[in-house]
Every structure is written in C-alpha cells, then in structure tokens.
$ cat model.tsv   # TSV, C-alpha atoms (C1' of nucleotides)
chain	number	residue	atom	x	y	z
A	250	MET	CA	87.68	104.25	127.54
A	251	LEU	CA	87.93	100.63	126.38
A	252	ASP	CA	86.56	97.85	128.54
A	253	THR	CA	87.33	94.15	128.32
A	254	LEU	CA	84.32	93.52	126.10
A	255	ASP	CA	85.48	96.12	123.58
A	256	ARG	CA	88.88	94.53	123.45
A	257	ARG	CA	87.50	91.07	122.89
A	258	ILE	CA	85.22	92.35	120.15
A	259	LEU	CA	88.10	94.15	118.44
A	260	ASP	CA	90.29	91.09	118.69
A	261	LEU	CA	87.74	89.08	116.72
A	262	TYR	CA	86.53	91.82	114.41
A	263	GLN	CA	89.92	93.11	113.20
A	264	ARG	CA	90.82	89.70	111.75
A	265	ASP	CA	87.72	89.52	109.56
A	266	THR	CA	85.36	92.45	109.34
A	267	ARG	CA	82.82	90.25	107.57
A	268	THR	CA	82.19	88.26	110.72
A	269	PRO	CA	78.52	88.89	111.59
A	270	ALA	CA	77.91	90.78	114.81
A	271	GLU	CA	75.75	87.93	116.04
A	272	GLN	CA	78.67	85.51	115.80
A	273	ILE	CA	80.95	87.91	117.66
A	274	GLY	CA	78.23	88.39	120.26
A	275	ALA	CA	77.97	84.65	120.79
A	276	GLN	CA	81.67	84.51	121.58
A	277	VAL	CA	81.75	87.43	123.98
A	278	GLY	CA	78.30	86.95	125.53
A	279	LEU	CA	76.48	89.93	124.04
A	280	SER	CA	73.55	90.45	121.68
A	281	ALA	CA	74.19	91.36	118.05
A	282	ALA	CA	72.77	94.83	118.62
A	283	ALA	CA	75.10	95.45	121.55
A	284	VAL	CA	78.09	94.42	119.45
A	285	GLN	CA	76.98	96.73	116.64
A	286	ARG	CA	76.56	99.62	119.01
A	287	ARG	CA	80.05	99.11	120.40
A	288	LEU	CA	81.56	98.81	116.92
A	289	LYS	CA	79.84	102.05	115.94
A	290	ARG	CA	81.29	103.81	118.95
A	291	LEU	CA	84.72	102.34	118.27
A	292	ARG	CA	84.54	103.78	114.75
A	293	GLU	CA	83.40	107.18	115.97
A	294	THR	CA	86.11	107.44	118.60
A	295	GLY	CA	88.76	106.46	116.08
A	296	VAL	CA	89.81	103.20	117.72
A	297	ILE	CA	88.87	101.57	114.43
A	298	VAL	CA	90.85	103.69	111.99
A	299	ALA	CA	89.76	102.02	108.77
A	300	GLU	CA	88.23	98.85	107.39
A	301	THR	CA	90.22	97.73	104.41
A	302	ALA	CA	90.85	94.78	102.12
A	303	GLN	CA	94.26	93.20	101.84
A	304	LEU	CA	95.00	92.25	98.27
A	305	ASP	CA	97.37	89.73	96.74
A	306	CYS	CA	100.21	91.80	95.28
A	307	ARG	CA	101.27	89.08	92.85
A	308	GLN	CA	97.86	88.69	91.27
A	309	LEU	CA	97.75	92.45	90.84
A	310	GLY	CA	101.10	92.42	89.09
A	311	LEU	CA	102.89	94.10	91.99
A	312	THR	CA	105.86	91.74	92.09
A	313	PHE	CA	108.44	94.02	93.66
A	314	THR	CA	108.61	95.01	97.32
A	315	ALA	CA	111.47	96.76	99.08
A	316	ILE	CA	112.30	98.12	102.51
A	317	VAL	CA	114.02	101.44	101.95
A	318	HIS	CA	116.09	103.30	104.52
A	319	VAL	CA	116.42	107.01	103.98
A	320	ASP	CA	118.91	109.36	105.61
A	321	LEU	CA	117.95	113.02	105.43
A	322	ILE	CA	120.30	116.00	105.59
A	323	ASP	CA	118.01	118.54	107.23
A	324	GLU	CA	116.10	116.78	110.00
A	325	SER	CA	114.11	119.82	111.14
A	326	ALA	CA	110.37	119.40	111.56
A	327	PRO	CA	109.32	121.35	108.45
A	328	GLN	CA	111.75	119.42	106.24
A	329	THR	CA	110.89	115.98	107.61
A	330	LEU	CA	107.18	116.71	107.40
A	331	ALA	CA	107.59	117.83	103.80
A	332	PHE	CA	109.44	114.59	103.02
A	333	GLN	CA	106.73	112.57	104.72
A	334	ARG	CA	104.03	114.33	102.76
A	335	ARG	CA	105.76	113.69	99.46
A	336	MET	CA	106.15	110.01	100.32
A	337	LYS	CA	102.51	109.66	101.29
A	338	GLU	CA	101.47	111.09	97.94
A	339	ARG	CA	103.31	108.33	96.05
A	340	PRO	CA	101.17	105.28	95.33
A	341	GLU	CA	104.24	103.02	95.48
A	342	VAL	CA	104.85	103.93	99.13
A	343	GLN	CA	102.78	101.63	101.26
A	344	GLN	CA	104.17	102.48	104.68
A	345	VAL	CA	106.22	105.33	106.13
A	346	TYR	CA	107.99	105.15	109.48
A	347	GLY	CA	110.01	107.96	111.02
A	348	VAL	CA	112.66	106.30	113.19
A	349	ALA	CA	115.26	107.29	115.76
A	350	GLY	CA	118.95	106.72	115.18
A	351	ALA	CA	121.21	106.87	112.15
A	352	VAL	CA	118.43	106.25	109.65
A	353	ASP	CA	115.64	108.82	109.54
A	354	TYR	CA	112.91	107.05	107.57
A	355	VAL	CA	111.96	103.49	106.75
A	356	LEU	CA	109.65	102.99	103.77
A	357	VAL	CA	107.86	99.92	102.48
A	358	VAL	CA	107.62	100.36	98.71
A	359	VAL	CA	105.59	98.17	96.34
A	360	ALA	CA	105.93	98.35	92.56
A	361	THR	CA	105.18	96.40	89.39
A	362	GLY	CA	108.85	95.48	89.00
A	363	LEU	CA	112.40	96.66	89.30
A	364	PRO	CA	112.08	99.24	86.49
A	365	ALA	CA	109.08	100.82	88.22
A	366	TYR	CA	111.00	100.88	91.49
A	367	GLU	CA	113.96	102.53	89.80
A	368	ALA	CA	111.60	105.12	88.37
A	369	PHE	CA	110.30	105.79	91.87
A	370	CYS	CA	113.85	106.24	93.20
A	371	GLU	CA	114.66	108.56	90.32
A	372	ALA	CA	111.55	110.63	90.89
A	373	CYS	CA	111.51	110.73	94.69
A	374	LEU	CA	114.85	110.02	96.27
A	375	LEU	CA	117.74	110.48	93.85
A	376	HIS	CA	116.92	114.09	92.99
A	377	ASP	CA	115.74	115.19	96.43
A	378	PRO	CA	118.38	117.63	97.73
A	379	ASN	CA	117.43	116.73	101.30
A	380	VAL	CA	118.07	112.99	100.83
A	381	ARG	CA	121.67	112.31	101.84
A	382	SER	CA	121.50	108.60	101.05
A	383	PHE	CA	119.15	105.64	100.89
A	384	THR	CA	119.52	101.87	101.07
A	385	THR	CA	117.27	99.36	99.34
A	386	HIS	CA	116.50	95.98	100.93
A	387	VAL	CA	114.77	93.87	98.31
A	388	VAL	CA	112.02	91.75	99.86
A	389	LEU	CA	112.20	88.10	98.88
A	390	ASP	CA	109.33	86.95	101.01
A	391	ALA	CA	106.66	88.96	102.79
A	392	ALA	CA	105.68	86.32	105.31
A	393	ARG	CA	103.22	88.39	107.22
A	394	ARG	CA	101.99	91.72	105.98
A	395	ALA	CA	99.95	93.99	108.22
A	396	GLY	CA	98.61	91.24	110.40
A	397	PRO	CA	96.24	91.68	113.34
A	398	LEU	CA	97.35	93.49	116.46
A	399	ALA	CA	97.60	91.80	119.82
A	400	ILE	CA	95.05	93.56	122.00
A	401	PRO	CA	96.54	94.09	125.47
A	402	ALA	CA	94.36	93.49	128.50
A	403	GLY	CA	94.34	97.20	129.41
B	153	MET	CA	92.28	87.08	84.97
B	154	LEU	CA	91.57	90.63	86.16
B	155	ASP	CA	89.90	93.07	83.84
B	156	THR	CA	89.76	96.84	84.12
B	157	LEU	CA	86.43	96.73	85.93
B	158	ASP	CA	87.82	94.40	88.60
B	159	ARG	CA	90.73	96.72	89.15
B	160	ARG	CA	88.54	99.77	89.50
B	161	ILE	CA	86.29	97.95	91.94
B	162	LEU	CA	89.27	96.81	94.01
B	163	ASP	CA	90.71	100.30	94.01
B	164	LEU	CA	87.54	101.63	95.62
B	165	TYR	CA	86.73	98.65	97.79
B	166	GLN	CA	90.13	98.13	99.43
B	167	ARG	CA	90.07	101.64	100.93
B	168	ASP	CA	86.76	101.07	102.71
B	169	THR	CA	85.13	97.67	102.68
B	170	ARG	CA	81.96	99.19	104.11
B	171	THR	CA	81.25	101.06	100.90
B	172	PRO	CA	77.95	99.62	99.60
B	173	ALA	CA	78.19	97.70	96.33
B	174	GLU	CA	75.60	100.01	94.82
B	175	GLN	CA	77.83	103.04	95.42
B	176	ILE	CA	80.82	101.27	93.87
B	177	GLY	CA	78.62	100.24	90.95
B	178	ALA	CA	77.57	103.84	90.37
B	179	GLN	CA	81.23	104.85	90.07
B	180	VAL	CA	82.28	102.08	87.70
B	181	GLY	CA	79.01	101.81	85.73
B	182	LEU	CA	77.76	98.46	86.99
B	183	SER	CA	74.77	97.20	88.95
B	184	ALA	CA	75.12	96.36	92.63
B	185	ALA	CA	74.61	92.67	91.86
B	186	ALA	CA	77.41	92.68	89.29
B	187	VAL	CA	79.77	94.32	91.77
B	188	GLN	CA	78.89	91.71	94.41
B	189	ARG	CA	79.45	88.91	91.95
B	190	ARG	CA	82.87	90.23	91.10
B	191	LEU	CA	83.81	90.76	94.75
B	192	LYS	CA	82.76	87.21	95.53
B	193	ARG	CA	84.93	85.87	92.73
B	194	LEU	CA	87.84	88.07	93.84
B	195	ARG	CA	87.55	86.56	97.32
B	196	GLU	CA	87.36	83.01	96.00
B	197	THR	CA	90.38	83.42	93.74
B	198	GLY	CA	92.40	84.93	96.57
B	199	VAL	CA	92.88	88.35	95.04
B	200	ILE	CA	91.20	89.68	98.17
B	201	VAL	CA	93.30	88.01	100.85
B	202	ALA	CA	91.50	89.35	103.90
B	203	GLU	CA	89.14	92.08	105.06
B	204	THR	CA	90.47	93.58	108.23
B	205	ALA	CA	90.15	96.57	110.54
B	206	GLN	CA	93.06	98.88	111.20
B	207	LEU	CA	93.14	99.93	114.82
B	208	ASP	CA	94.67	102.90	116.60
B	209	CYS	CA	97.69	101.50	118.44
B	210	ARG	CA	97.82	104.37	120.93
B	211	GLN	CA	94.23	103.98	122.07
B	212	LEU	CA	94.91	100.27	122.56
B	213	GLY	CA	97.91	101.03	124.72
B	214	LEU	CA	100.39	99.83	122.09
B	215	THR	CA	102.72	102.81	122.34
B	216	PHE	CA	105.91	101.19	121.14
B	217	THR	CA	106.75	100.30	117.54
B	218	ALA	CA	110.12	99.27	116.17
B	219	ILE	CA	111.65	98.18	112.89
B	220	VAL	CA	114.02	95.32	113.72
B	221	HIS	CA	116.74	94.02	111.43
B	222	VAL	CA	117.84	90.47	112.06
B	223	ASP	CA	120.98	88.78	110.79
B	224	LEU	CA	120.87	85.00	110.92
B	225	ILE	CA	123.84	82.64	111.10
B	226	ASP	CA	122.41	79.68	109.23
B	227	GLU	CA	120.50	80.99	106.22
B	228	SER	CA	119.42	77.60	104.90
B	229	ALA	CA	115.78	77.14	104.01
B	230	PRO	CA	114.82	74.95	107.01
B	231	GLN	CA	116.44	77.36	109.46
B	232	THR	CA	115.00	80.52	107.95
B	233	LEU	CA	111.56	78.96	107.70
B	234	ALA	CA	111.77	77.93	111.35
B	235	PHE	CA	112.72	81.48	112.29
B	236	GLN	CA	109.84	82.85	110.23
B	237	ARG	CA	107.40	80.50	111.88
B	238	ARG	CA	108.52	81.49	115.37
B	239	MET	CA	108.16	85.16	114.50
B	240	LYS	CA	104.69	84.70	113.07
B	241	GLU	CA	103.60	83.03	116.29
B	242	ARG	CA	104.50	86.09	118.35
B	243	PRO	CA	101.67	88.56	118.75
B	244	GLU	CA	104.13	91.48	118.94
B	245	VAL	CA	105.37	90.79	115.41
B	246	GLN	CA	103.13	92.59	113.01
B	247	GLN	CA	105.07	92.10	109.80
B	248	VAL	CA	107.88	89.82	108.67
B	249	TYR	CA	109.94	90.44	105.55
B	250	GLY	CA	112.72	88.20	104.32
B	251	VAL	CA	115.15	90.46	102.46
B	252	ALA	CA	118.21	90.12	100.25
B	253	GLY	CA	121.59	91.52	101.27
B	254	ALA	CA	123.43	91.85	104.57
B	255	VAL	CA	120.28	91.79	106.68
B	256	ASP	CA	118.17	88.63	106.48
B	257	TYR	CA	114.89	89.69	108.07
B	258	VAL	CA	113.08	92.92	108.72
B	259	LEU	CA	110.35	92.85	111.39
B	260	VAL	CA	107.77	95.40	112.40
B	261	VAL	CA	107.18	94.88	116.11
B	262	VAL	CA	104.43	96.53	118.18
B	263	ALA	CA	104.34	96.38	121.98
B	264	THR	CA	102.80	98.07	125.00
B	265	GLY	CA	106.07	99.80	125.83
B	266	LEU	CA	109.81	99.47	125.99
B	267	PRO	CA	109.72	96.83	128.77
B	268	ALA	CA	107.41	94.63	126.73
B	269	TYR	CA	109.66	95.06	123.72
B	270	GLU	CA	112.70	94.10	125.78
B	271	ALA	CA	110.84	91.02	126.96
B	272	PHE	CA	110.17	90.11	123.33
B	273	CYS	CA	113.85	90.49	122.46
B	274	GLU	CA	114.82	88.39	125.45
B	275	ALA	CA	112.35	85.66	124.52
B	276	CYS	CA	112.81	85.62	120.76
B	277	LEU	CA	116.06	87.10	119.58
B	278	LEU	CA	118.65	87.26	122.37
B	279	HIS	CA	118.55	83.56	123.16
B	280	ASP	CA	118.11	82.28	119.62
B	281	PRO	CA	121.37	80.51	118.69
B	282	ASN	CA	120.70	81.21	115.01
B	283	VAL	CA	120.41	84.99	115.50
B	284	ARG	CA	123.84	86.51	114.93
B	285	SER	CA	122.74	90.06	115.64
B	286	PHE	CA	119.77	92.40	115.46
B	287	THR	CA	119.29	96.15	115.26
B	288	THR	CA	116.34	98.07	116.67
B	289	HIS	CA	115.02	101.19	114.95
B	290	VAL	CA	112.55	102.83	117.30
B	291	VAL	CA	109.61	104.27	115.40
B	292	LEU	CA	108.81	107.86	116.34
B	293	ASP	CA	106.04	108.35	113.85
B	294	ALA	CA	104.14	105.81	111.79
B	295	ALA	CA	102.91	108.18	109.11
B	296	ARG	CA	101.24	105.63	106.94
B	297	ARG	CA	100.68	102.08	108.03
B	298	ALA	CA	99.47	99.46	105.58
B	299	GLY	CA	97.77	101.87	103.24
B	300	PRO	CA	95.93	100.97	100.04
B	301	LEU	CA	97.81	99.53	97.11
B	302	ALA	CA	98.08	101.29	93.79
B	303	ILE	CA	96.29	99.02	91.34
B	304	PRO	CA	98.30	98.89	88.12
B	305	ALA	CA	96.44	99.06	84.82
B	306	GLY	CA	97.35	95.45	83.99
C	171	DA	C1'	73.75	100.16	128.99
C	172	DA	C1'	71.74	95.76	127.27
C	173	DT	C1'	67.83	93.24	125.20
C	174	DG	C1'	64.31	91.99	121.77
C	175	DA	C1'	61.57	93.21	117.90
C	176	DA	C1'	60.58	96.08	114.09
C	177	DA	C1'	62.24	98.75	110.14
C	178	DT	C1'	65.78	99.73	106.88
C	179	DT	C1'	69.63	98.71	104.33
C	180	DT	C1'	72.66	95.58	102.20
C	181	DA	C1'	73.90	91.20	100.18
C	182	DT	C1'	72.76	86.82	97.74
C	183	DG	C1'	70.38	83.69	94.40
C	184	DC	C1'	67.84	82.95	90.44
C	185	DC	C1'	66.16	83.88	85.86
C	186	DG	C1'	65.76	86.05	81.34
C	187	DG	C1'	68.43	88.49	77.87
D	160	DC	C1'	78.43	88.29	81.83
D	161	DC	C1'	74.92	91.72	82.66
D	162	DG	C1'	70.47	93.69	84.88
D	163	DG	C1'	66.32	93.12	87.60
D	164	DC	C1'	63.66	91.05	90.89
D	165	DA	C1'	62.81	88.01	94.97
D	166	DT	C1'	64.75	86.25	99.01
D	167	DA	C1'	67.73	86.17	102.87
D	168	DA	C1'	70.76	88.24	106.01
D	169	DA	C1'	72.72	91.93	108.51
D	170	DT	C1'	72.53	96.49	110.42
D	171	DT	C1'	70.14	100.23	112.58
D	172	DT	C1'	66.54	102.17	115.24
D	173	DC	C1'	63.35	102.16	118.94
D	174	DA	C1'	60.77	100.82	122.99
D	175	DT	C1'	61.46	98.44	127.29
D	176	DT	C1'	63.76	96.79	131.48
$ encode --input "model.tsv" --output "structure tokens"
Amino acid sequence: MLDTLDRRILDLYQRDTRTPAEQIGAQVGLSAAAVQRRLKRLRETGVIVAETAQLDCRQLGLTFTAIVHVDLIDESAPQTLAFQRRMKERPEVQQVYGVAGAVDYVLVVVATGLPAYEAFCEACLLHDPNVRSFTTHVVLDAARRAGPLAIPAG
Amino acid sequence: MLDTLDRRILDLYQRDTRTPAEQIGAQVGLSAAAVQRRLKRLRETGVIVAETAQLDCRQLGLTFTAIVHVDLIDESAPQTLAFQRRMKERPEVQQVYGVAGAVDYVLVVVATGLPAYEAFCEACLLHDPNVRSFTTHVVLDAARRAGPLAIPAG
DNA sequence: AATGAAATTTATGCCGG
DNA sequence: CCGGCATAAATTTCATT
C-alpha cells in the first residue's frame, strides 16, 4: 500500500505542509506532479488524516495544561464510548487516550487558567456518576507537543 | 496583539490549513488578501508554530502507543533538561511533558510494536542512572490526538 | 505510473483609499 | 489596515512515453 517513495514524501511533508511539491520531489527524485499525485492519493486513502496548524498556547492565552488520569466505574463499551464522546465534545480536551491497566483514560486538557480548568472538572468529571476518581498532573513544560512521526521502513 | 478577527481566522485555519484564504475571508468578512496578510503576520510572530500533517499510525505500521510516566532521581534543571533533550532526540517519543507532583515526566511514545517499544525502554529508560522508575500505560484507543485548540475570546 | 507543458487555482506584492 | 488588481507561484489536469 505504501512504497518507500511514499514514506519519504510523508516524512518530509508532515513536518511542514507548506513545503512545495517541487522541493520534496528534488529530495526524493520525483517530479512535482508525481509528488502531488501521491499526496492526493495519501489524502484519499486516509494516510494523511488532517493538515493542521499548531498554535502557540501562551500567545492565545491558554496558559494551563494538564495530564488527567480518569478511572471509570463501569468500563463496558457503551459507557466508555459515552465518556469518550463527552470528552471529545469539550474544547478544553485536546487529546483522549483509552489505556489498559488501573487507569482507564488519559486526557490532555488545555485551558485559559486554573479557574477554567476547575470549571471543566466541575462540569465534566466531578459530577459524572461513572467517574470513580481522577488525578491531575499539572504540566510545567510541554517540551514537544504533537511532533512528527518516525516513518518506519515498512 | 491578537484581535477578534485573528482569532476567528485561526479557529478556521488550524483545523485545515488547505482551506483557501478566500473561503476563510468569506466567513469572517475579509478579503482573501487581508486573510493572507494576517496569516503571514501570525506565522512571523510565532502564533502559528508549525503547519503539519497528521498521519494514520496504523497505516504506517505504528501499531503501538503508550503513555509513559517517568520519575527522575535528580530533578535539578541541568539533569531534567538533559533528560528532555535525550527524549526529544528519539523518534519514538512523540510528546514530552514535564509535570508537577510525584511523576516528573509524561511521554507519549509511538512504535511499530511491543518489541520496538521494549527496545526503546532498554535504550532510553532502563539504563538511565537518573531514571528512578517508569510506568507504561498501553494505549488501546487514541480517540482524539492533537486536535484543534479552542481559541479563547481574548 | 512518471514526465513535461498547459490550464486553473491560490498566494504574494504593490498601490490607492 | 483594508480592498483591488497585477504578478508570481503552486497545484491540477492532460497528453505522451
């Protein structure tokens, strides 16, 4: 499904989607049109999920980030899916991971400050009858956020 | 620094950087040129940190994701910065968060499978004399990964 | 399936308001 | 700082190999 050329293109493209196709082509030994055609196919087949901009949280006034561990009471599929859906609806919730083990969910939550985070907890976690407990890890330094993936050779 | 128009543009643009400036302009009541001008300034001032592509880990053969908690022995600035730097160099490490409390670092690690993850632990955590302990939370479902930020009104 | 050129779309630069 | 126009660049399409 993905040949070596695709992987090399993705490796370059994912870091900066504004890189012109011609420049990518020069690096991988392909014409600009060929690179474009492959990128189009990679979008259509869902290998490229989205092309997004990463913003500076501080300059936006989003000064508070936390890693939140959530332990659910009812871990059945309908209940966990419902929890997931509620989390995804919240703008504060940037990432949602369902994990194995003692903790059921790990969230990355971004807010304008501690009061806004507390409001989120009040609205989403504290009153949820299916949330047994949750632990907040306040982020002091987000050294690397959503960096590029290492493309394996395949 | 950021007016309401900037925020509305960012809100649209960050979700899909391929949205034409003219289409964004139509939504916020600005010409395409004005939107481009603002985007350019937002890039130059670092509000837009990067424009990247989000890829499908499964289709790339990256089937293993884990949230890893790391407890360091020496938490002094030079030591923690050195740890951070080492982590950022590893292609498996997608995100690095320094957090307050009992745990010192939270990592999001992506690998081709459990063996590759074990190799990462062996190379980076197990033999590091400054790593007191680490806990692996295997991710079963990454429901939302690095989604768009909620732009506050400012 | 890739290339090269043509056609279309999108972005950038400049000027007048 | 905006809009409009001219220019430049990038993407897409198409014919060819």
$ interface_residues --input "model.tsv" --of "chain B" --to "chain C" --cutoff "10 Å" --atoms "only C-alpha atoms (C1' of nucleotides)" --output "list in words"
Pro172, Ala173, Glu174, Ala184, Ala185, Gln188 and Arg189 of chain B
$ atom_distance --input "model.tsv" --atom1 "CA of Arg307 in chain A" --atom2 "CA of Leu162 in chain B"
14.3 Å
$ interface_residues --input "model.tsv" --of "chain A" --to "chain B" --cutoff "6 Å" --atoms "only C-alpha atoms" --output "PyMOL selection string"
chain A and resi 263-266+296-305+340+343-349+386-396+399
$ closest_residue --input "model.tsv" --among "A:Ala283, A:Ala275, A:Thr384, A:Leu321" --to "chain D" --atoms "all atoms listed in the file"
A:Ala283
$ closest_residue --input "model.tsv" --among "A:Pro327, A:Val277, A:Gln272, A:Val317" --to "chain D" --atoms "all atoms listed in the file"
A:Gln272
$ axis_aligned_box --input "model.tsv" --around "chain C" --padding-each-side "5 Å" --output "AutoDock Vina command-line options"
--center_x 67.2 --center_y 91.6 --center_z 103.4 --size_x 23.3 --size_y 27.2 --size_z 61.1
$ interface_residues --input "model.tsv" --of "chain D" --to "chain A" --cutoff "10 Å" --atoms "all atoms listed in the file" --output "list in words"
DA168, DA169, DT170 and DT171 of chain D
$ atom_distance --input "model.tsv" --atom1 "CA of Ile258 in chain A" --atom2 "C1' of DC173 in chain D"
24.0 Å
$ calpha_fit_and_write --input "model.tsv" --fixed "chain A" --moving "chain B" --output "tab-separated table (two decimals) with C-alpha atoms, in the frame of the given file"
chain	number	residue	atom	x	y	z
B	153	MET	CA	87.64	104.18	127.66
B	154	LEU	CA	87.91	100.57	126.44
B	155	ASP	CA	86.56	97.79	128.58
B	156	THR	CA	87.32	94.09	128.34
B	157	LEU	CA	84.30	93.46	126.13
B	158	ASP	CA	85.44	96.08	123.62
B	159	ARG	CA	88.85	94.49	123.46
B	160	ARG	CA	87.46	91.03	122.89
B	161	ILE	CA	85.18	92.32	120.17
B	162	LEU	CA	88.05	94.14	118.46
B	163	ASP	CA	90.24	91.07	118.69
B	164	LEU	CA	87.67	89.07	116.72
B	165	TYR	CA	86.48	91.82	114.43
B	166	GLN	CA	89.85	93.12	113.21
B	167	ARG	CA	90.78	89.71	111.77
B	168	ASP	CA	87.67	89.54	109.58
B	169	THR	CA	85.32	92.48	109.36
B	170	ARG	CA	82.78	90.30	107.58
B	171	THR	CA	82.12	88.27	110.70
B	172	PRO	CA	78.44	88.91	111.57
B	173	ALA	CA	77.84	90.79	114.81
B	174	GLU	CA	75.67	87.93	116.03
B	175	GLN	CA	78.59	85.49	115.75
B	176	ILE	CA	80.88	87.88	117.63
B	177	GLY	CA	78.17	88.34	120.24
B	178	ALA	CA	77.90	84.59	120.74
B	179	GLN	CA	81.62	84.43	121.50
B	180	VAL	CA	81.72	87.34	123.94
B	181	GLY	CA	78.26	86.83	125.49
B	182	LEU	CA	76.44	89.83	124.04
B	183	SER	CA	73.51	90.40	121.71
B	184	ALA	CA	74.11	91.35	118.08
B	185	ALA	CA	72.69	94.82	118.73
B	186	ALA	CA	75.08	95.41	121.63
B	187	VAL	CA	78.04	94.38	119.48
B	188	GLN	CA	76.92	96.76	116.71
B	189	ARG	CA	76.52	99.58	119.18
B	190	ARG	CA	80.02	99.06	120.46
B	191	LEU	CA	81.50	98.80	116.97
B	192	LYS	CA	79.78	102.03	116.01
B	193	ARG	CA	81.22	103.79	119.04
B	194	LEU	CA	84.67	102.32	118.32
B	195	ARG	CA	84.48	103.77	114.81
B	196	GLU	CA	83.32	107.17	116.05
B	197	THR	CA	86.06	107.43	118.67
B	198	GLY	CA	88.70	106.45	116.13
B	199	VAL	CA	89.75	103.21	117.76
B	200	ILE	CA	88.81	101.58	114.47
B	201	VAL	CA	90.79	103.71	112.04
B	202	ALA	CA	89.74	102.04	108.81
B	203	GLU	CA	88.22	98.86	107.41
B	204	THR	CA	90.23	97.75	104.45
B	205	ALA	CA	90.89	94.79	102.16
B	206	GLN	CA	94.30	93.21	101.90
B	207	LEU	CA	95.06	92.26	98.34
B	208	ASP	CA	97.44	89.74	96.80
B	209	CYS	CA	100.26	91.81	95.33
B	210	ARG	CA	101.35	89.08	92.92
B	211	GLN	CA	97.93	88.66	91.34
B	212	LEU	CA	97.80	92.43	90.88
B	213	GLY	CA	101.14	92.40	89.12
B	214	LEU	CA	102.94	94.10	92.01
B	215	THR	CA	105.90	91.73	92.10
B	216	PHE	CA	108.47	94.01	93.65
B	217	THR	CA	108.63	95.02	97.32
B	218	ALA	CA	111.49	96.77	99.07
B	219	ILE	CA	112.31	98.14	102.50
B	220	VAL	CA	114.06	101.47	101.93
B	221	HIS	CA	116.11	103.32	104.51
B	222	VAL	CA	116.44	107.04	103.97
B	223	ASP	CA	118.94	109.38	105.59
B	224	LEU	CA	117.99	113.04	105.39
B	225	ILE	CA	120.35	116.01	105.54
B	226	ASP	CA	118.06	118.54	107.18
B	227	GLU	CA	116.14	116.79	109.95
B	228	SER	CA	114.17	119.83	111.08
B	229	ALA	CA	110.44	119.44	111.51
B	230	PRO	CA	109.38	121.40	108.38
B	231	GLN	CA	111.80	119.45	106.18
B	232	THR	CA	110.94	116.03	107.55
B	233	LEU	CA	107.23	116.76	107.35
B	234	ALA	CA	107.65	117.86	103.74
B	235	PHE	CA	109.49	114.63	102.98
B	236	GLN	CA	106.76	112.62	104.69
B	237	ARG	CA	104.07	114.38	102.72
B	238	ARG	CA	105.81	113.71	99.41
B	239	MET	CA	106.19	110.04	100.28
B	240	LYS	CA	102.55	109.69	101.27
B	241	GLU	CA	101.52	111.11	97.91
B	242	ARG	CA	103.34	108.36	96.02
B	243	PRO	CA	101.21	105.32	95.32
B	244	GLU	CA	104.27	103.04	95.47
B	245	VAL	CA	104.88	103.94	99.12
B	246	GLN	CA	102.83	101.65	101.25
B	247	GLN	CA	104.20	102.52	104.67
B	248	VAL	CA	106.25	105.36	106.10
B	249	TYR	CA	108.00	105.19	109.46
B	250	GLY	CA	110.03	107.98	110.99
B	251	VAL	CA	112.66	106.31	113.17
B	252	ALA	CA	115.27	107.30	115.73
B	253	GLY	CA	118.97	106.72	115.15
B	254	ALA	CA	121.23	106.86	112.11
B	255	VAL	CA	118.44	106.23	109.63
B	256	ASP	CA	115.66	108.83	109.52
B	257	TYR	CA	112.92	107.07	107.56
B	258	VAL	CA	111.99	103.53	106.74
B	259	LEU	CA	109.66	103.01	103.75
B	260	VAL	CA	107.87	99.96	102.47
B	261	VAL	CA	107.64	100.38	98.71
B	262	VAL	CA	105.61	98.18	96.34
B	263	ALA	CA	105.96	98.35	92.56
B	264	THR	CA	105.23	96.40	89.39
B	265	GLY	CA	108.88	95.47	89.00
B	266	LEU	CA	112.44	96.64	89.30
B	267	PRO	CA	112.10	99.23	86.49
B	268	ALA	CA	109.12	100.82	88.19
B	269	TYR	CA	111.02	100.87	91.46
B	270	GLU	CA	113.99	102.52	89.78
B	271	ALA	CA	111.64	105.11	88.33
B	272	PHE	CA	110.34	105.80	91.84
B	273	CYS	CA	113.87	106.25	93.16
B	274	GLU	CA	114.70	108.56	90.28
B	275	ALA	CA	111.58	110.64	90.86
B	276	CYS	CA	111.55	110.74	94.65
B	277	LEU	CA	114.88	110.02	96.24
B	278	LEU	CA	117.77	110.49	93.79
B	279	HIS	CA	116.93	114.08	92.94
B	280	ASP	CA	115.78	115.18	96.38
B	281	PRO	CA	118.41	117.63	97.68
B	282	ASN	CA	117.47	116.74	101.26
B	283	VAL	CA	118.11	113.00	100.79
B	284	ARG	CA	121.69	112.29	101.80
B	285	SER	CA	121.52	108.60	101.02
B	286	PHE	CA	119.16	105.64	100.86
B	287	THR	CA	119.53	101.88	101.06
B	288	THR	CA	117.28	99.36	99.33
B	289	HIS	CA	116.50	96.00	100.92
B	290	VAL	CA	114.78	93.87	98.31
B	291	VAL	CA	112.03	91.78	99.85
B	292	LEU	CA	112.19	88.11	98.87
B	293	ASP	CA	109.32	86.97	101.01
B	294	ALA	CA	106.65	88.99	102.78
B	295	ALA	CA	105.67	86.36	105.33
B	296	ARG	CA	103.21	88.44	107.24
B	297	ARG	CA	102.00	91.78	106.03
B	298	ALA	CA	99.94	94.03	108.28
B	299	GLY	CA	98.55	91.26	110.43
B	300	PRO	CA	96.18	91.68	113.36
B	301	LEU	CA	97.30	93.47	116.48
B	302	ALA	CA	97.55	91.77	119.83
B	303	ILE	CA	95.01	93.54	122.01
B	304	PRO	CA	96.52	94.08	125.45
B	305	ALA	CA	94.36	93.45	128.50
B	306	GLY	CA	94.32	97.16	129.38
